[in-house]
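**Q** Next up is a structure, given as structure tokens.
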There are 2 protein chains.
Amino acid sequence: MIEIDFKKGDGLIPVIIQDASTHEVLMLGYMNGESWEETLETKKASFWSRSRQKIWVKGETSGHFQEVKEIYLDCDGDTLLLKVNQIGGAACHTGFRSCFHQQYEKGEGKVSGEKIFDPKEVYGK
Amino acid sequence: MIEIDFKKGDGLIPVIIQDASTHEVLMLGYMNGESWEETLETKKASFWSRSRQKIWVKGETSGHFQEVKEIYLDCDGDTLLLKVNQIGGAACHTGFRSCFHQQYEKGEGKVSGEKIFDPKEVYGK
């Protein structure tokens with residue numbers, strides 16, 4: 001039995017989401033024990049929202065679910081890496097494929113990713 | 001000027017390290033303001049060790065430095081993604097290429113990565 005260390009992060013574990021086909025890193029979220037169990041059960045990535053303080057199924061509003069293909073645990077047992085099939089092709093709430101769409105160069109941010117959808121149309125705001 | 005949010009994580013920001021050529025996710029570390037500045041200055045990944053409570057230049061003992069090629073900031077400004085050239089080919093202190101070398105399957109961990117070096121030879125322990 002493999003053990004996940006939720007204690008180090010006060011009940012939360014950081015989870016890296018990587019596109020299983022393109023290998024692009026899409027986002028980083030946090031899971032508590034409950035969202036981890038839910039992810040295993042449903043095979044859809046589910047997180048703990050630190051700002052809203054509640055469980056959050058990625059894609060519940062947008063329909064852009066993340067189908068979990070493979071799960072990896074790091075050497076310390078305190079970080080997860082999930083390889084997913086990103087439904088709709090975009091993980092970021094801003095409409096970009098990846099949340100990491102700002103490249104940092106000499107103190108400035110340069111948009112470098114691909115915009116897949118218009119957030120106004122998807123979230124109505 | 002782009003702003004990094006160190007406040008949300010009590011002065012620390014999670015940093016995903018990805019191999020710039022293979023796109024493999026190698027590890028996740030944490031930076032505080034000082035290790036971030038040091039990383040920018042030296043172009044070598046430098047972290048804050050939560051267990052040892054000190055700045056830690058990745059590779060200072062093993063020689064397996066991480067040369068920073070590209071830096072990305074996520075949409076919330078609270079997570080970094082660094083694409084690196086991994087000197088020596090391995091990021092994990094256990095000798096594996098990636099820290100994420102345990103695949104999680106039905107509660108069990110299955111070794112799935114490639115072992116590049118013998119930690120006893122590199123760290124002498």
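Ordered as shown in the structure tokens, chains take letters A, B, and onward, while each chain numbers its residues from 1 and ligands are numbered from 1 in the order shown.
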Quick one: residues within 12 Å of A:Glu67, only C-alpha atoms counted, chain neighbours fewer than 3 positions away excluded, as a ChimeraX atom specification?
**A** /A:17-20,39-46,57-59,63-64,70-71,82-89,91
**Q** Could you give me chain A least-squares fitted onto chain B (all C-alpha atoms, paired in order), as a compact mmCIF listing (two decimals) with C-alpha atoms, in the first residue's frame?
**A**
```txt
# COMPACT_ATOMS: atom_id res chain seq x y z
CA MET A 1 6.17 44.44 -14.28
CA ILE A 2 4.80 40.99 -13.47
CA GLU A 3 4.01 40.21 -9.83
CA ILE A 4 4.54 36.87 -8.12
CA ASP A 5 2.18 36.11 -5.24
CA PHE A 6 4.29 34.72 -2.40
CA LYS A 7 1.64 35.59 0.21
CA LYS A 8 -0.86 32.81 -0.56
CA GLY A 9 1.68 30.14 0.43
CA ASP A 10 3.08 31.94 3.50
CA GLY A 11 6.13 33.23 1.65
CA LEU A 12 6.62 30.13 -0.49
CA ILE A 13 5.61 29.40 -4.06
CA PRO A 14 5.47 25.91 -5.62
CA VAL A 15 7.75 25.50 -8.64
CA ILE A 16 7.28 22.74 -11.22
CA ILE A 17 10.48 21.64 -12.93
CA GLN A 18 10.09 20.25 -16.44
CA ASP A 19 12.82 18.93 -18.72
CA ALA A 20 13.07 21.43 -21.61
CA SER A 21 13.87 18.74 -24.19
CA THR A 22 11.91 15.65 -23.12
CA HIS A 23 9.01 17.59 -21.46
CA GLU A 24 9.14 15.11 -18.58
CA VAL A 25 8.06 16.62 -15.24
CA LEU A 26 11.14 16.15 -13.05
CA MET A 27 10.16 17.48 -9.62
CA LEU A 28 8.29 20.07 -7.61
CA GLY A 29 10.14 22.37 -5.23
CA TYR A 30 9.37 25.54 -3.27
CA MET A 31 10.97 28.96 -3.59
CA ASN A 32 10.93 31.93 -1.26
CA GLY A 33 11.78 35.42 -2.50
CA GLU A 34 15.51 34.94 -1.91
CA SER A 35 15.81 31.64 -3.81
CA TRP A 36 13.74 33.13 -6.65
CA GLU A 37 16.15 36.08 -6.93
CA GLU A 38 19.11 33.68 -6.76
CA THR A 39 17.58 31.56 -9.54
CA LEU A 40 17.15 34.62 -11.77
CA GLU A 41 20.71 35.77 -11.10
CA THR A 42 22.54 32.45 -11.49
CA LYS A 43 20.17 30.82 -14.03
CA LYS A 44 20.37 27.69 -11.87
CA ALA A 45 17.31 26.48 -9.97
CA SER A 46 17.53 27.30 -6.27
CA PHE A 47 14.86 26.31 -3.74
CA TRP A 48 13.78 26.69 -0.13
CA SER A 49 14.04 23.38 1.69
CA ARG A 50 11.02 23.02 3.99
CA SER A 51 12.62 20.15 5.90
CA ARG A 52 16.04 21.76 6.36
CA GLN A 53 14.66 25.33 6.51
CA LYS A 54 17.35 26.78 4.28
CA ILE A 55 18.13 27.82 0.71
CA TRP A 56 19.23 24.92 -1.39
CA VAL A 57 20.86 25.10 -4.83
CA LYS A 58 19.69 22.01 -6.72
CA GLY A 59 22.86 20.09 -7.63
CA GLU A 60 25.15 21.67 -5.03
CA THR A 61 26.16 18.21 -3.72
CA SER A 62 25.55 15.96 -6.75
CA GLY A 63 26.64 18.41 -9.45
CA HIS A 64 23.27 17.79 -11.10
CA PHE A 65 22.36 21.46 -11.52
CA GLN A 66 19.25 22.60 -13.38
CA GLU A 67 20.04 25.25 -15.99
CA VAL A 68 16.94 27.41 -16.36
CA LYS A 69 15.89 27.84 -19.99
CA GLU A 70 12.35 29.28 -19.71
CA ILE A 71 10.15 30.54 -16.87
CA TYR A 72 6.35 30.60 -16.86
CA LEU A 73 3.95 32.03 -14.28
CA ASP A 74 0.40 30.71 -13.96
CA CYS A 75 -2.82 32.70 -14.34
CA ASP A 76 -3.10 33.35 -10.57
CA GLY A 77 0.54 34.40 -10.23
CA ASP A 78 1.10 31.85 -7.46
CA THR A 79 2.86 28.95 -9.22
CA LEU A 80 5.95 28.79 -11.43
CA LEU A 81 6.92 26.39 -14.20
CA LEU A 82 10.61 26.22 -15.09
CA LYS A 83 11.85 24.45 -18.18
CA VAL A 84 15.38 23.31 -17.49
CA ASN A 85 18.38 21.52 -18.86
CA GLN A 86 18.94 18.80 -16.25
CA ILE A 87 22.70 18.34 -15.87
CA GLY A 88 23.58 14.65 -15.36
CA GLY A 89 20.16 13.60 -16.68
CA ALA A 90 18.61 12.90 -13.28
CA ALA A 91 16.69 15.18 -10.91
CA CYS A 92 15.80 12.78 -8.11
CA HIS A 93 18.08 12.18 -5.11
CA THR A 94 17.24 8.48 -5.44
CA GLY A 95 19.02 8.38 -8.82
CA PHE A 96 15.91 8.36 -10.98
CA ARG A 97 15.48 10.79 -13.86
CA SER A 98 12.27 12.15 -12.33
CA CYS A 99 11.02 12.35 -8.74
CA PHE A 100 7.71 11.05 -10.13
CA HIS A 101 8.96 7.52 -10.77
CA GLN A 102 6.26 5.73 -8.77
CA GLN A 103 3.10 5.09 -10.72
CA TYR A 104 0.02 4.78 -8.54
CA GLU A 105 -2.26 1.87 -9.42
CA LYS A 106 -5.05 0.57 -7.20
CA GLY A 107 -3.32 1.67 -4.01
CA GLU A 108 0.08 0.29 -5.00
CA GLY A 109 3.22 2.05 -6.27
CA LYS A 110 4.94 0.63 -9.34
CA VAL A 111 8.40 1.86 -10.27
CA SER A 112 8.14 3.25 -13.78
CA GLY A 113 11.13 5.53 -14.30
CA GLU A 114 14.71 5.14 -15.34
CA LYS A 115 17.52 4.99 -12.77
CA ILE A 116 20.45 7.11 -13.96
CA PHE A 117 22.88 7.03 -11.02
CA ASP A 118 23.59 5.21 -7.78
CA PRO A 119 22.90 7.61 -4.88
CA LYS A 120 25.57 5.90 -2.75
CA GLU A 121 28.23 6.90 -5.26
CA VAL A 122 26.96 10.45 -5.67
CA TYR A 123 26.11 11.36 -2.07
CA GLY A 124 28.37 8.83 -0.31
CA LYS A 125 25.47 7.48 1.72
```
**Q** From chain A, collect each residue whose DSSP state is helix (DSSP H, G or I) and return the set as number ranges by chain.
**A** A: 33-42, 87-89, 119-123
**Q** Since we have the selection now, will you write its residues out, keeping N, CA, C and O atoms, as a compact mmCIF listing (two decimals), in the first residue's frame?
**A**
```txt
# COMPACT_ATOMS: atom_id res chain seq x y z
N GLY A 33 -7.89 14.96 1.21
CA GLY A 33 -8.19 13.53 1.17
C GLY A 33 -9.47 13.23 0.41
O GLY A 33 -9.54 12.29 -0.39
N GLU A 34 -10.49 14.07 0.63
CA GLU A 34 -11.81 13.82 0.02
C GLU A 34 -11.76 13.98 -1.51
O GLU A 34 -12.31 13.16 -2.24
N SER A 35 -11.09 15.04 -1.99
CA SER A 35 -11.04 15.25 -3.44
C SER A 35 -10.15 14.20 -4.11
O SER A 35 -10.38 13.82 -5.26
N TRP A 36 -9.16 13.70 -3.38
CA TRP A 36 -8.31 12.61 -3.88
C TRP A 36 -9.16 11.34 -4.06
O TRP A 36 -9.12 10.71 -5.11
N GLU A 37 -9.95 11.01 -3.06
CA GLU A 37 -10.82 9.83 -3.14
C GLU A 37 -11.81 9.98 -4.29
O GLU A 37 -12.07 9.03 -5.03
N GLU A 38 -12.36 11.19 -4.41
CA GLU A 38 -13.34 11.47 -5.47
C GLU A 38 -12.70 11.32 -6.85
O GLU A 38 -13.32 10.80 -7.78
N THR A 39 -11.44 11.77 -6.96
CA THR A 39 -10.71 11.66 -8.23
C THR A 39 -10.52 10.19 -8.60
O THR A 39 -10.73 9.79 -9.75
N LEU A 40 -10.14 9.38 -7.60
CA LEU A 40 -9.92 7.95 -7.85
C LEU A 40 -11.22 7.26 -8.28
O LEU A 40 -11.23 6.42 -9.18
N GLU A 41 -12.31 7.66 -7.64
CA GLU A 41 -13.60 7.02 -7.90
C GLU A 41 -14.17 7.39 -9.26
O GLU A 41 -14.63 6.54 -10.01
N THR A 42 -14.11 8.70 -9.59
CA THR A 42 -14.77 9.19 -10.80
C THR A 42 -13.84 9.20 -12.01
O THR A 42 -14.30 9.35 -13.14
N ILE A 87 -10.54 17.52 -21.67
CA ILE A 87 -11.74 17.69 -22.50
C ILE A 87 -11.85 19.17 -22.90
O ILE A 87 -11.65 20.06 -22.07
N GLY A 88 -12.15 19.43 -24.15
CA GLY A 88 -12.29 20.81 -24.64
C GLY A 88 -10.95 21.45 -24.99
O GLY A 88 -10.92 22.55 -25.54
N GLY A 89 -9.86 20.78 -24.65
CA GLY A 89 -8.53 21.25 -25.06
C GLY A 89 -7.93 22.36 -24.23
O GLY A 89 -6.79 22.74 -24.44
N PRO A 119 -13.81 33.02 -22.39
CA PRO A 119 -14.41 32.75 -21.08
C PRO A 119 -15.80 33.33 -20.90
O PRO A 119 -16.63 32.78 -20.18
N LYS A 120 -16.08 34.45 -21.59
CA LYS A 120 -17.42 35.06 -21.48
C LYS A 120 -18.49 34.09 -21.97
O LYS A 120 -19.58 34.00 -21.41
N GLU A 121 -18.18 33.38 -23.05
CA GLU A 121 -19.15 32.45 -23.60
C GLU A 121 -19.33 31.22 -22.72
O GLU A 121 -20.42 30.69 -22.60
N VAL A 122 -18.23 30.79 -22.10
CA VAL A 122 -18.26 29.54 -21.33
C VAL A 122 -18.82 29.76 -19.92
O VAL A 122 -19.62 28.98 -19.42
N TYR A 123 -18.39 30.85 -19.27
CA TYR A 123 -18.81 31.10 -17.89
C TYR A 123 -19.89 32.17 -17.78
O TYR A 123 -20.39 32.44 -16.70
```
